[in-house]
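Source file: target-v9.csv (CSV, C-alpha atoms)
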chain,number,residue,atom,x,y,z
A,1,MET,CA,46.2,-29.3,22.8
A,2,VAL,CA,46.8,-30.6,26.3
A,3,VAL,CA,44.2,-30.1,29.0
A,4,GLY,CA,44.8,-31.3,32.5
A,5,GLY,CA,47.4,-33.8,31.3
A,6,ILE,CA,44.9,-35.3,28.8
A,7,VAL,CA,46.0,-35.3,25.2
A,8,PRO,CA,43.1,-35.9,22.7
A,9,THR,CA,43.9,-38.3,19.8
A,10,MET,CA,42.3,-36.1,17.2
A,11,ASN,CA,44.3,-33.3,15.6
A,12,GLY,CA,42.8,-29.8,15.9
A,13,TYR,CA,41.1,-28.2,12.9
A,14,GLY,CA,43.2,-25.0,13.2
A,15,GLN,CA,40.1,-22.8,13.1
A,16,PHE,CA,38.6,-20.3,15.6
A,17,CYS,CA,35.1,-21.3,14.5
A,18,PRO,CA,33.1,-22.5,17.5
A,19,VAL,CA,31.8,-25.4,15.4
A,20,ALA,CA,35.3,-26.5,14.8
A,21,LYS,CA,36.3,-26.1,18.4
A,22,ALA,CA,33.3,-28.2,19.5
A,23,ALA,CA,34.0,-30.8,16.9
A,24,GLU,CA,37.5,-31.2,18.3
A,25,ILE,CA,35.9,-32.5,21.6
A,26,LEU,CA,32.8,-34.3,20.3
A,27,THR,CA,33.7,-36.0,17.0
A,28,GLU,CA,36.3,-38.5,18.1
A,29,ARG,CA,35.1,-42.1,17.7
A,30,TRP,CA,32.7,-43.2,20.4
A,31,THR,CA,32.5,-39.9,22.1
A,32,LEU,CA,28.9,-39.0,21.1
A,33,LEU,CA,27.8,-42.5,22.0
A,34,VAL,CA,29.3,-42.2,25.5
A,35,LEU,CA,27.5,-38.8,25.8
A,36,ARG,CA,24.3,-40.5,24.7
A,37,GLU,CA,24.5,-43.0,27.5
A,38,LEU,CA,25.3,-40.3,30.1
A,39,LEU,CA,22.4,-38.1,28.9
A,40,PHE,CA,20.1,-41.1,29.0
A,41,GLY,CA,20.9,-41.7,32.6
A,42,SER,CA,23.8,-44.2,32.8
A,43,ARG,CA,26.1,-43.2,35.6
A,44,ARG,CA,28.3,-46.2,36.5
A,45,PHE,CA,31.3,-47.3,34.4
A,46,ASN,CA,29.8,-50.8,33.9
A,47,ASP,CA,26.5,-49.3,32.9
A,48,LEU,CA,28.2,-47.2,30.3
A,49,ARG,CA,29.9,-50.2,28.9
A,50,LYS,CA,26.5,-51.9,28.4
A,51,GLY,CA,25.6,-49.0,26.1
A,52,VAL,CA,28.8,-49.2,24.1
A,53,PRO,CA,29.6,-52.9,24.3
A,54,LEU,CA,32.2,-52.9,21.5
A,55,MET,CA,34.2,-50.1,23.1
A,56,SER,CA,37.2,-51.3,25.1
A,57,PRO,CA,37.3,-50.5,28.8
A,58,THR,CA,40.6,-48.7,28.3
A,59,LEU,CA,39.3,-46.5,25.6
A,60,LEU,CA,36.1,-45.7,27.6
A,61,SER,CA,38.3,-44.7,30.5
A,62,LYS,CA,40.3,-42.4,28.2
A,63,ARG,CA,37.2,-40.8,26.7
A,64,LEU,CA,35.7,-40.2,30.2
A,65,ARG,CA,38.9,-38.6,31.4
A,66,PHE,CA,39.0,-36.3,28.4
A,67,LEU,CA,35.4,-35.3,28.7
A,68,GLN,CA,36.0,-34.6,32.4
A,69,ALA,CA,39.0,-32.4,31.6
A,70,MET,CA,36.9,-30.5,29.0
A,71,GLY,CA,34.3,-29.7,31.7
A,72,VAL,CA,31.6,-31.8,29.9
A,73,ILE,CA,31.2,-34.3,32.7
A,74,GLU,CA,32.2,-34.7,36.3
A,75,LYS,CA,33.2,-37.7,38.4
A,76,ARG,CA,31.8,-38.0,41.9
A,77,ARG,CA,31.3,-40.5,44.6
A,78,ALA,CA,28.2,-42.6,44.3
A,79,PRO,CA,25.5,-41.7,46.9
A,80,SER,CA,26.0,-45.1,48.4
A,81,GLY,CA,29.6,-44.2,49.0
A,82,LYS,CA,30.7,-47.2,47.0
A,83,GLY,CA,32.4,-46.5,43.6
A,84,TRP,CA,32.1,-43.6,41.3
A,85,GLU,CA,29.5,-42.0,39.1
A,86,TYR,CA,29.8,-39.9,36.0
A,87,ARG,CA,27.4,-37.0,35.4
A,88,PRO,CA,27.0,-34.4,32.8
A,89,THR,CA,27.9,-30.8,33.9
A,90,ASN,CA,25.8,-27.9,32.7
A,91,ALA,CA,27.9,-27.9,29.6
A,92,GLY,CA,27.2,-31.6,29.1
A,93,LYS,CA,23.5,-31.1,29.7
A,94,GLU,CA,23.3,-28.5,27.0
A,95,LEU,CA,24.3,-31.2,24.5
A,96,GLY,CA,21.1,-33.1,25.2
A,97,PRO,CA,19.1,-31.4,22.4
A,98,VAL,CA,22.1,-31.8,20.1
A,99,VAL,CA,22.3,-35.6,20.6
A,100,GLU,CA,18.5,-35.9,20.4
A,101,MET,CA,18.3,-34.0,17.1
A,102,LEU,CA,21.2,-36.1,15.7
A,103,GLY,CA,19.2,-39.2,16.5
A,104,VAL,CA,16.1,-37.7,14.9
A,105,TRP,CA,18.1,-36.8,11.8
A,106,GLY,CA,19.6,-40.3,11.6
A,107,GLN,CA,16.2,-42.0,12.1
A,108,ARG,CA,14.6,-39.7,9.5
A,109,TRP,CA,17.3,-39.8,6.8
A,110,VAL,CA,19.8,-42.5,7.3
A,111,ARG,CA,17.7,-45.6,8.0
A,112,SER,CA,19.3,-48.4,6.1
A,113,ARG,CA,19.5,-52.1,5.5
A,114,LEU,CA,20.1,-53.9,8.8
A,115,THR,CA,23.3,-55.9,8.5
A,116,PRO,CA,24.6,-58.4,11.1
A,117,ASP,CA,27.1,-55.9,12.2
A,118,ASP,CA,24.3,-53.5,13.2
A,119,LEU,CA,22.5,-56.0,15.4
A,120,ASP,CA,23.5,-56.5,19.1
A,121,PRO,CA,21.2,-58.3,21.5
A,122,GLY,CA,22.9,-56.8,24.6
A,123,LEU,CA,22.6,-53.2,23.4
A,124,LEU,CA,19.0,-53.8,22.3
A,125,MET,CA,18.0,-55.3,25.7
A,126,TRP,CA,19.8,-52.4,27.5
A,127,ASP,CA,17.8,-49.9,25.4
A,128,ILE,CA,14.5,-51.8,26.0
A,129,ARG,CA,15.2,-52.0,29.8
A,130,ARG,CA,15.4,-48.2,29.9
A,131,ARG,CA,12.0,-47.8,28.3
A,132,VAL,CA,10.0,-50.4,30.2
A,133,ASP,CA,7.2,-49.0,32.4
A,134,PRO,CA,7.5,-51.0,35.6
A,135,GLN,CA,4.1,-49.8,36.8
A,136,GLN,CA,2.5,-52.0,34.2
A,137,PHE,CA,3.9,-55.2,35.8
A,138,PRO,CA,2.3,-57.2,38.6
A,139,SER,CA,3.4,-56.2,42.1
A,140,ARG,CA,5.2,-59.5,42.7
A,141,ARG,CA,8.8,-60.1,41.5
A,142,ILE,CA,8.6,-61.5,38.0
A,143,ALA,CA,10.7,-62.0,34.9
A,144,VAL,CA,10.2,-61.7,31.2
A,145,GLN,CA,12.4,-63.9,29.0
A,146,PHE,CA,13.5,-62.8,25.5
A,147,GLU,CA,14.8,-65.5,23.2
A,148,PHE,CA,16.5,-64.6,19.9
A,149,SER,CA,16.6,-67.5,17.5
A,150,ASP,CA,19.2,-66.1,15.1
A,151,VAL,CA,22.1,-65.4,17.5
A,152,PRO,CA,24.7,-67.8,19.1
A,153,GLN,CA,23.5,-69.9,22.0
A,154,ALA,CA,25.5,-67.9,24.5
A,155,LYS,CA,23.6,-64.7,23.6
A,156,ARG,CA,20.2,-66.2,22.9
A,157,ARG,CA,18.4,-65.7,26.1
A,158,TRP,CA,17.9,-62.4,28.1
A,159,TRP,CA,15.7,-61.6,31.1
A,160,LEU,CA,13.9,-58.4,32.3
A,161,VAL,CA,13.3,-58.6,36.0
A,162,SER,CA,10.6,-56.4,37.6
A,163,GLU,CA,10.9,-55.8,41.3
A,164,LYS,CA,9.9,-53.0,43.7
A,165,GLY,CA,8.8,-50.6,41.0
A,166,GLY,CA,12.0,-51.0,39.0
A,167,VAL,CA,13.2,-53.1,36.1
A,168,ASP,CA,16.7,-54.6,35.5
A,169,PHE,CA,18.0,-57.0,33.0
A,170,CYS,CA,20.0,-60.2,33.4
A,171,VAL,CA,22.3,-62.1,31.0
A,172,THR,CA,22.0,-65.2,33.1
A,173,ASP,CA,18.8,-67.0,34.3
A,174,PRO,CA,17.7,-65.2,37.5
A,175,GLY,CA,15.9,-68.2,38.7
A,176,LEU,CA,12.5,-66.4,39.0
A,177,GLU,CA,9.1,-67.1,37.8
A,178,VAL,CA,8.9,-66.3,34.1
A,179,GLY,CA,5.6,-64.5,33.5
A,180,LEU,CA,6.1,-64.1,29.7
A,181,TYR,CA,8.3,-65.6,27.0
A,182,ILE,CA,9.0,-63.5,23.9
A,183,LEU,CA,10.3,-65.7,21.1
A,184,THR,CA,11.6,-63.9,18.0
A,185,ASP,CA,14.7,-63.2,16.0
A,186,LEU,CA,17.0,-60.3,16.7
A,187,ARG,CA,16.4,-58.6,13.4
A,188,THR,CA,12.6,-58.5,13.9
A,189,MET,CA,12.9,-57.3,17.5
A,190,THR,CA,15.2,-54.5,16.5
A,191,ALA,CA,12.8,-53.5,13.7
A,192,VAL,CA,9.9,-53.4,16.2
A,193,TRP,CA,12.0,-51.4,18.7
A,194,MET,CA,12.9,-48.8,16.1
A,195,GLY,CA,9.4,-48.5,14.7
A,196,ASP,CA,10.1,-50.0,11.3
A,197,ILE,CA,7.3,-52.6,11.8
A,198,SER,CA,4.6,-52.6,14.4
A,199,LEU,CA,4.5,-55.0,17.3
A,200,LYS,CA,0.9,-56.0,16.3
A,201,HIS,CA,2.1,-56.9,12.8
A,202,ALA,CA,5.1,-58.8,14.1
A,203,VAL,CA,2.8,-60.9,16.5
A,204,GLU,CA,0.1,-61.5,13.9
A,205,SER,CA,2.6,-62.5,11.2
A,206,GLY,CA,4.3,-65.0,13.6
A,207,ARG,CA,7.6,-63.1,13.7
A,208,VAL,CA,7.1,-62.6,17.4
A,209,ASP,CA,5.6,-65.5,19.5
A,210,LEU,CA,4.3,-64.8,23.0
A,211,GLU,CA,3.9,-67.5,25.6
A,212,GLY,CA,2.9,-67.0,29.2
A,213,ALA,CA,0.5,-65.0,31.4
A,214,LEU,CA,-2.4,-63.5,29.6
A,215,GLU,CA,-2.2,-60.3,31.7
A,216,LEU,CA,1.4,-59.6,30.5
A,217,LYS,CA,0.4,-60.4,26.9
A,218,ARG,CA,-2.5,-58.0,27.0
A,219,THR,CA,-0.4,-55.2,28.5
A,220,LEU,CA,2.7,-55.8,26.4
A,221,ARG,CA,2.4,-52.7,24.3
A,222,SER,CA,1.9,-50.7,27.5
A,223,TRP,CA,5.0,-51.8,29.3
A,224,LEU,CA,7.2,-52.4,26.3
A,225,GLN,CA,7.5,-48.8,25.2
A,226,LEU,CA,9.5,-48.4,22.0
A,227,SER,CA,12.5,-46.3,21.2
A,228,THR,CA,12.0,-42.6,21.7
A,229,LEU,CA,12.8,-42.3,17.9
A,230,ALA,CA,10.3,-45.0,16.8
A,231,GLY,CA,7.8,-42.4,15.8
A,232,VAL,CA,10.1,-40.5,13.5
A,233,PRO,CA,9.0,-41.1,9.9
A,234,ASN,CA,11.4,-42.2,7.2
A,235,GLN,CA,11.8,-39.3,4.8
A,236,ASN,CA,14.5,-40.9,2.5
A,237,PRO,CA,12.8,-42.4,-0.5
A,238,ALA,CA,16.0,-44.2,-1.5
A,239,ARG,CA,15.9,-46.2,1.7
A,240,LYS,CA,12.3,-47.2,1.9
A,241,LEU,CA,12.5,-50.0,-0.6
A,242,SER,CA,15.5,-51.6,1.0
A,243,LEU,CA,13.8,-51.4,4.4
A,244,GLY,CA,10.7,-53.1,3.1
A,245,ALA,CA,12.7,-55.8,1.3
A,246,THR,CA,14.9,-56.5,4.3
A,247,ILE,CA,12.6,-56.3,7.4
A,248,LEU,CA,9.0,-56.7,6.4

Can the structure from this file be put into structure tokens for me?
Amino acid sequence: MVVGGIVPTMNGYGQFCPVAKAAEILTERWTLLVLRELLFGSRRFNDLRKGVPLMSPTLLSKRLRFLQAMGVIEKRRAPSGKGWEYRPTNAGKELGPVVEMLGVWGQRWVRSRLTPDDLDPGLLMWDIRRRVDPQQFPSRRIAVQFEFSDVPQAKRRWWLVSEKGGVDFCVTDPGLEVGLYILTDLRTMTAVWMGDISLKHAVESGRVDLEGALELKRTLRSWLQLSTLAGVPNQNPARKLSLGATIL
């Protein structure tokens, strides 16, 4: 199948079934994750890359062109007039509940042992940044520094920056006042983020150490909102023991 000069890499299923036809578009490697980022609000190419850091820029460009040719997304000039944005069309927006329910199903039934290959500090911080409530921060410009003890030095420190009612994250020291230091390991912070252990337990057990302004410590649970899937209970008995043995 060739659409608008774009040739998908996956062979068709040779079925008229709408499930098969939809799968021909959606089930190529990385496609659902690209859609996840778009549906979560990422618009710029570089922002999309932060959500799929292991995906090559060339392949990301290819997937975006194909989704555009399929009418799932559209490419338009950014409101500033500088650069381009990608946005879901009505067809793309209809996939929101599909992606959400796929995440719920995965959280409920496919929780598994966290391996080093599953842990990525950049992706974790990108997800955390999306869920921070900037209204819980002081009005002044301030940074929160995360330090992960179990990753290479080059990826050990990350900063959330609160400014003018918004929050961004930096991979290099922004040179600002650090209001709070969060010292932990990547495995623990990922488990907290996904709701496998509580933040309270992680702090009380010493797995997460907090240093800095008392006001930010007190409001941590208010501004550090967890993954939208954190409240989904684990319903797979076969996975519960491995989770407990690995994380807690």

Discussion item. List as JSON, numbers by chain the residues having at least one atom at most 10 Å from position (32.4, -35.7, 38.0) as given in the file, counting all atoms listed in the file.
Written reply: {"A": [64, 65, 67, 68, 69, 71, 72, 73, 74, 75, 76, 77, 84, 85, 86, 87, 88, 89]}

*asked:* Just want the 10 Å neighbourhood of A:Arg187, counted on only C-alpha atoms, with same-chain residues fewer than 5 positions away dropped. Output as a list in words.
replied: Leu114, Thr115, Pro116, Asp118, Leu119, Asp120, Pro121, Phe148, Ser149, Asp150, Val151, Val192, Trp193, Arg207, Thr246 and Ile247 of chain A

Within 7 Å of A:Trp158, counting only C-alpha atoms, which residues qualify if same-chain residues fewer than 4 places away don't, as a PDB file with C-alpha atoms, keeping the file's coordinate frame?
ATOM      1  CA  GLN A 145      12.400 -63.900  29.000  1.00  0.00           C
ATOM      2  CA  PHE A 146      13.500 -62.800  25.500  1.00  0.00           C
ATOM      3  CA  GLU A 147      14.800 -65.500  23.200  1.00  0.00           C
ATOM      4  CA  CYS A 170      20.000 -60.200  33.400  1.00  0.00           C
ATOM      5  CA  VAL A 171      22.300 -62.100  31.000  1.00  0.00           C
TER       6      VAL A 171
END

What separates atom CA of A:Leu39 and atom CA of A:Lys93 is a distance of 7.1 Å

Among A:Thr58, A:Leu199, A:Arg63, A:Arg44, A:Thr27 is approached most closely, using all atoms listed in the file, by A:Arg63

Of A:Val167, A:Gly212, A:Lys21, A:Trp159, the one sitting nearest A:Met125 when using only C-alpha atoms is A:Trp159

Missing atoms in stretch 46-76 of chain A: can you complete it with N, CA and C atoms, as a PDB file, in the coordinates of the input?
ATOM      1  N   ASN A  46      30.319 -49.557  34.509  1.00  0.00           N
ATOM      2  CA  ASN A  46      29.800 -50.800  33.900  1.00  0.00           C
ATOM      3  C   ASN A  46      28.514 -50.590  33.168  1.00  0.00           C
ATOM      4  N   ASP A  47      27.682 -49.642  33.611  1.00  0.00           N
ATOM      5  CA  ASP A  47      26.500 -49.300  32.900  1.00  0.00           C
ATOM      6  C   ASP A  47      26.786 -48.658  31.541  1.00  0.00           C
ATOM      7  N   LEU A  48      27.782 -47.788  31.558  1.00  0.00           N
ATOM      8  CA  LEU A  48      28.200 -47.200  30.300  1.00  0.00           C
ATOM      9  C   LEU A  48      28.707 -48.208  29.324  1.00  0.00           C
ATOM     10  N   ARG A  49      29.400 -49.189  29.817  1.00  0.00           N
ATOM     11  CA  ARG A  49      29.900 -50.200  28.900  1.00  0.00           C
ATOM     12  C   ARG A  49      28.788 -51.024  28.280  1.00  0.00           C
ATOM     13  N   LYS A  50      27.670 -51.183  28.964  1.00  0.00           N
ATOM     14  CA  LYS A  50      26.500 -51.900  28.400  1.00  0.00           C
ATOM     15  C   LYS A  50      25.967 -51.127  27.180  1.00  0.00           C
ATOM     16  N   GLY A  51      26.094 -49.810  27.211  1.00  0.00           N
ATOM     17  CA  GLY A  51      25.600 -49.000  26.100  1.00  0.00           C
ATOM     18  C   GLY A  51      26.552 -48.899  24.945  1.00  0.00           C
ATOM     19  N   VAL A  52      27.827 -49.208  25.185  1.00  0.00           N
ATOM     20  CA  VAL A  52      28.800 -49.200  24.100  1.00  0.00           C
ATOM     21  C   VAL A  52      29.651 -50.497  24.222  1.00  0.00           C
ATOM     22  N   PRO A  53      29.001 -51.641  23.990  1.00  0.00           N
ATOM     23  CA  PRO A  53      29.600 -52.900  24.300  1.00  0.00           C
ATOM     24  C   PRO A  53      30.866 -53.246  23.439  1.00  0.00           C
ATOM     25  N   LEU A  54      31.028 -52.607  22.289  1.00  0.00           N
ATOM     26  CA  LEU A  54      32.200 -52.900  21.500  1.00  0.00           C
ATOM     27  C   LEU A  54      33.366 -51.949  21.762  1.00  0.00           C
ATOM     28  N   MET A  55      33.173 -51.046  22.681  1.00  0.00           N
ATOM     29  CA  MET A  55      34.200 -50.100  23.100  1.00  0.00           C
ATOM     30  C   MET A  55      35.065 -50.740  24.187  1.00  0.00           C
ATOM     31  N   SER A  56      36.370 -50.707  24.063  1.00  0.00           N
ATOM     32  CA  SER A  56      37.200 -51.300  25.100  1.00  0.00           C
ATOM     33  C   SER A  56      37.149 -50.523  26.380  1.00  0.00           C
ATOM     34  N   PRO A  57      37.283 -51.179  27.527  1.00  0.00           N
ATOM     35  CA  PRO A  57      37.300 -50.500  28.800  1.00  0.00           C
ATOM     36  C   PRO A  57      38.382 -49.394  28.868  1.00  0.00           C
ATOM     37  N   THR A  58      39.535 -49.687  28.273  1.00  0.00           N
ATOM     38  CA  THR A  58      40.600 -48.700  28.300  1.00  0.00           C
ATOM     39  C   THR A  58      40.268 -47.458  27.526  1.00  0.00           C
ATOM     40  N   LEU A  59      39.657 -47.625  26.347  1.00  0.00           N
ATOM     41  CA  LEU A  59      39.300 -46.500  25.600  1.00  0.00           C
ATOM     42  C   LEU A  59      38.140 -45.697  26.225  1.00  0.00           C
ATOM     43  N   LEU A  60      37.196 -46.409  26.846  1.00  0.00           N
ATOM     44  CA  LEU A  60      36.100 -45.700  27.600  1.00  0.00           C
ATOM     45  C   LEU A  60      36.684 -44.876  28.687  1.00  0.00           C
ATOM     46  N   SER A  61      37.623 -45.423  29.438  1.00  0.00           N
ATOM     47  CA  SER A  61      38.300 -44.700  30.500  1.00  0.00           C
ATOM     48  C   SER A  61      38.937 -43.405  29.975  1.00  0.00           C
ATOM     49  N   LYS A  62      39.597 -43.566  28.841  1.00  0.00           N
ATOM     50  CA  LYS A  62      40.300 -42.400  28.200  1.00  0.00           C
ATOM     51  C   LYS A  62      39.314 -41.347  27.810  1.00  0.00           C
ATOM     52  N   ARG A  63      38.197 -41.743  27.183  1.00  0.00           N
ATOM     53  CA  ARG A  63      37.200 -40.800  26.700  1.00  0.00           C
ATOM     54  C   ARG A  63      36.582 -40.049  27.944  1.00  0.00           C
ATOM     55  N   LEU A  64      36.304 -40.784  29.003  1.00  0.00           N
ATOM     56  CA  LEU A  64      35.700 -40.200  30.200  1.00  0.00           C
ATOM     57  C   LEU A  64      36.665 -39.165  30.819  1.00  0.00           C
ATOM     58  N   ARG A  65      37.929 -39.502  30.879  1.00  0.00           N
ATOM     59  CA  ARG A  65      38.900 -38.600  31.400  1.00  0.00           C
ATOM     60  C   ARG A  65      38.984 -37.291  30.602  1.00  0.00           C
ATOM     61  N   PHE A  66      38.950 -37.449  29.284  1.00  0.00           N
ATOM     62  CA  PHE A  66      39.000 -36.300  28.400  1.00  0.00           C
ATOM     63  C   PHE A  66      37.778 -35.411  28.551  1.00  0.00           C
ATOM     64  N   LEU A  67      36.596 -36.027  28.564  1.00  0.00           N
ATOM     65  CA  LEU A  67      35.400 -35.300  28.700  1.00  0.00           C
ATOM     66  C   LEU A  67      35.329 -34.543  30.067  1.00  0.00           C
ATOM     67  N   GLN A  68      35.894 -35.194  31.078  1.00  0.00           N
ATOM     68  CA  GLN A  68      36.000 -34.600  32.400  1.00  0.00           C
ATOM     69  C   GLN A  68      36.923 -33.357  32.337  1.00  0.00           C
ATOM     70  N   ALA A  69      38.068 -33.521  31.674  1.00  0.00           N
ATOM     71  CA  ALA A  69      39.000 -32.400  31.600  1.00  0.00           C
ATOM     72  C   ALA A  69      38.452 -31.253  30.762  1.00  0.00           C
ATOM     73  N   MET A  70      37.569 -31.550  29.821  1.00  0.00           N
ATOM     74  CA  MET A  70      36.900 -30.500  29.000  1.00  0.00           C
ATOM     75  C   MET A  70      35.759 -29.847  29.709  1.00  0.00           C
ATOM     76  N   GLY A  71      35.408 -30.338  30.908  1.00  0.00           N
ATOM     77  CA  GLY A  71      34.300 -29.700  31.700  1.00  0.00           C
ATOM     78  C   GLY A  71      32.932 -30.194  31.187  1.00  0.00           C
ATOM     79  N   VAL A  72      32.871 -31.278  30.390  1.00  0.00           N
ATOM     80  CA  VAL A  72      31.600 -31.800  29.900  1.00  0.00           C
ATOM     81  C   VAL A  72      30.915 -32.701  30.870  1.00  0.00           C
ATOM     82  N   ILE A  73      31.712 -33.438  31.632  1.00  0.00           N
ATOM     83  CA  ILE A  73      31.200 -34.300  32.700  1.00  0.00           C
ATOM     84  C   ILE A  73      31.973 -34.148  33.938  1.00  0.00           C
ATOM     85  N   GLU A  74      31.442 -34.676  35.031  1.00  0.00           N
ATOM     86  CA  GLU A  74      32.200 -34.700  36.300  1.00  0.00           C
ATOM     87  C   GLU A  74      32.098 -36.073  36.897  1.00  0.00           C
ATOM     88  N   LYS A  75      33.097 -36.394  37.662  1.00  0.00           N
ATOM     89  CA  LYS A  75      33.200 -37.700  38.400  1.00  0.00           C
ATOM     90  C   LYS A  75      33.001 -37.433  39.826  1.00  0.00           C
ATOM     91  N   ARG A  76      32.098 -38.179  40.448  1.00  0.00           N
ATOM     92  CA  ARG A  76      31.800 -38.000  41.900  1.00  0.00           C
ATOM     93  C   ARG A  76      31.542 -39.312  42.542  1.00  0.00           C
TER      94      ARG A  76
END
